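K.L.:
Here it is, the structure, as C-alpha cells.
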Amino acid sequence: MKKLLQVVLVFALVAGLTACNKNVKDDANADLTAGTAGTEMVLEETSVEETVTVPTQEIALGAVYFSLDKATLSDDARKIVEANAAAIKSAASLASYRITVEGNCDDRGTTSYNIALGQKRADELKANYVRLGIPAANIETVSYGEEKPVCTEATQTCWAKNRRADTLLSVK
C-alpha cells in the first residue's frame, strides 16, 4: 500500500510539471487531474496476505517542438527535456517505468522523409534523456512521421504544432 501511495504522489508531481509546460494543451492537463480537485483519498490498511495490483499508467510529459526540417533542440526545448527528466527520475525512484519518445512531423515532405526526420527527433530526445541520467534501456523511440497530427489546418501555426516529439512515461 505504501508503494501505491508513492506512485500516486509521483503522478501528482508529473501532473504539476506538465501543467508548467506552456506547449501542452489545457485539455491534456485536465485529463491528468480530472476528478482530483476537492476530493480526499482515503487509504485503508491491508493485510500482508492481500496483494495490491497497481495498473500501468501512461502519462504524457511536456511536448518538445522543433523548427522546420530540424532535429536539434532549442534552449526552450532543453528546459522542457530537463523538466521531463526530473519527473522521470522521480517516478523511477518509486516504481518500474518505461519511456516512449514519439517523433512527429508536419505533413509537408514525403512520407519516407517525415518518418526519418521524426526518428531523428525522437533519437535526439533519447540522447538528451540519457545525458541527463535516464538509462537508455528504459527508453524506446518511434517515429510517426506525419501520421499523428495534433492540428490539421494548412497554416504555419498548425504545422509548428505538429513538428514535435512526445514523451510518454509508463509507470507500474
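Letters A, B, ... go to the chains of the C-alpha cells in the order shown; residues in each chain start at 1; ligands are counted from 1 in the same order.
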Would you kindly return, as a PDB file with C-alpha atoms, in the first residue's frame, each protein, DNA or RNA residue with an atom no farther than 8 Å from any atom of A:Asn114, considering only C-alpha atoms and excluding same-chain residues fewer than 4 positions away?

P.N.:
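Written out: around_21.pdb:
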```
ATOM      1  CA  ASN A 104       6.341  13.659 -35.309  1.00  0.00           C
ATOM      2  CA  CYS A 105       6.413  15.963 -38.333  1.00  0.00           C
ATOM      3  CA  ASP A 106       4.080  18.248 -40.220  1.00  0.00           C
ATOM      4  CA  ASP A 107       2.508  16.942 -43.423  1.00  0.00           C
ATOM      5  CA  GLY A 109       7.584  16.442 -47.413  1.00  0.00           C
ATOM      6  CA  THR A 110       7.465  12.813 -48.471  1.00  0.00           C
ATOM      7  CA  GLY A 118      10.576  12.002 -36.855  1.00  0.00           C
ATOM      8  CA  GLY A 145       6.188  10.997 -39.318  1.00  0.00           C
ATOM      9  CA  GLU A 146       3.065  12.931 -40.284  1.00  0.00           C
TER      10      GLU A 146
END
```

K.L.:
Which residues, written as a count of residues only, have at least one atom at most 7 Å from stretch 157-170 of chain A, with only C-alpha atoms counted and residues fewer than 2 positions away on the same chain left out?

P.N.:
31

K.L.:
Figure out the distance between atom CA of A:Ser143 and atom CA of A:Ala83, please, to one decimal in Å.

P.N.:
22.2 Å

K.L.:
What is the atom CA of A:Ser67-atom CA of A:Arg131 distance in Å, reported with one decimal?

P.N.:
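Atom CA of A:Arg131 lies at a distance of 22.0 Å from atom CA of A:Ser67.
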
K.L.:
Can you list, as a list of chain:residue names, all residues belonging to stretch 52-109 of chain A that DSSP tags as alpha helix (DSSP H)?

P.N.:
A:Asp75, A:Asp76, A:Ala77, A:Arg78, A:Lys79, A:Ile80, A:Val81, A:Glu82, A:Ala83, A:Asn84, A:Ala85, A:Ala86, A:Ala87, A:Ile88, A:Lys89, A:Ser90, A:Ala91, A:Ala92

K.L.:
Atom CA of A:Ala92 and atom CA of A:Leu73, how far apart in Å?

P.N.:
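Separation of atom CA of A:Leu73 and atom CA of A:Ala92: 24.4 Å.
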
K.L.:
Would you list, as a list in words, the residues of stretch 76-164 of chain A that end up in strand (DSSP E or B) under DSSP run on this structure's backbone?

P.N.:
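Strand (DSSP E or B) members of stretch 76-164 of chain A, listed: Tyr97, Arg98, Ile99, Thr100, Val101, Glu102, Gly103, Asn104, Ile139, Glu140, Thr141, Val142, Ser143, Tyr144, Gly145 and Arg164 of chain A.
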
K.L.:
Take the residues that were just selected and, keeping C-alpha atoms, output them as a CSV table (one decimal), in the first residue's frame.

P.N.:
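Result file follows (selection.csv):
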```
chain,number,residue,atom,x,y,z
A,97,TYR,CA,8.8,2.5,-15.7
A,98,ARG,CA,9.3,2.7,-19.4
A,99,ILE,CA,9.6,5.8,-21.6
A,100,THR,CA,8.4,6.1,-25.2
A,101,VAL,CA,9.6,9.0,-27.2
A,102,GLU,CA,7.4,9.6,-30.3
A,103,GLY,CA,8.9,11.7,-33.2
A,104,ASN,CA,6.3,13.7,-35.3
A,139,ILE,CA,13.7,4.4,-23.4
A,140,GLU,CA,12.1,3.3,-26.6
A,141,THR,CA,11.8,5.6,-29.7
A,142,VAL,CA,9.3,5.5,-32.5
A,143,SER,CA,8.6,7.8,-35.5
A,144,TYR,CA,5.1,8.5,-36.7
A,145,GLY,CA,6.2,11.0,-39.3
A,164,ARG,CA,7.3,17.8,-32.1
```

K.L.:
Using only C-alpha atoms, what table do you get, as CSV, when you list each residue of stretch 95-150 of chain A with an atom no more than 12 Å from stretch 77-80 of chain A, its nearest pair of atoms, and their distance in Å rounded to one decimal, rows by chain then rising number?

P.N.:
```
residue,atom,partner,partner_atom,distance
A:Arg121,CA,A:Ala77,CA,11.7
A:Glu124,CA,A:Arg78,CA,10.8
A:Leu125,CA,A:Arg78,CA,9.1
A:Ala127,CA,A:Arg78,CA,11.8
A:Asn128,CA,A:Arg78,CA,8.4
A:Tyr129,CA,A:Arg78,CA,10.1
A:Arg131,CA,A:Arg78,CA,11.7
A:Leu132,CA,A:Arg78,CA,10.8
```
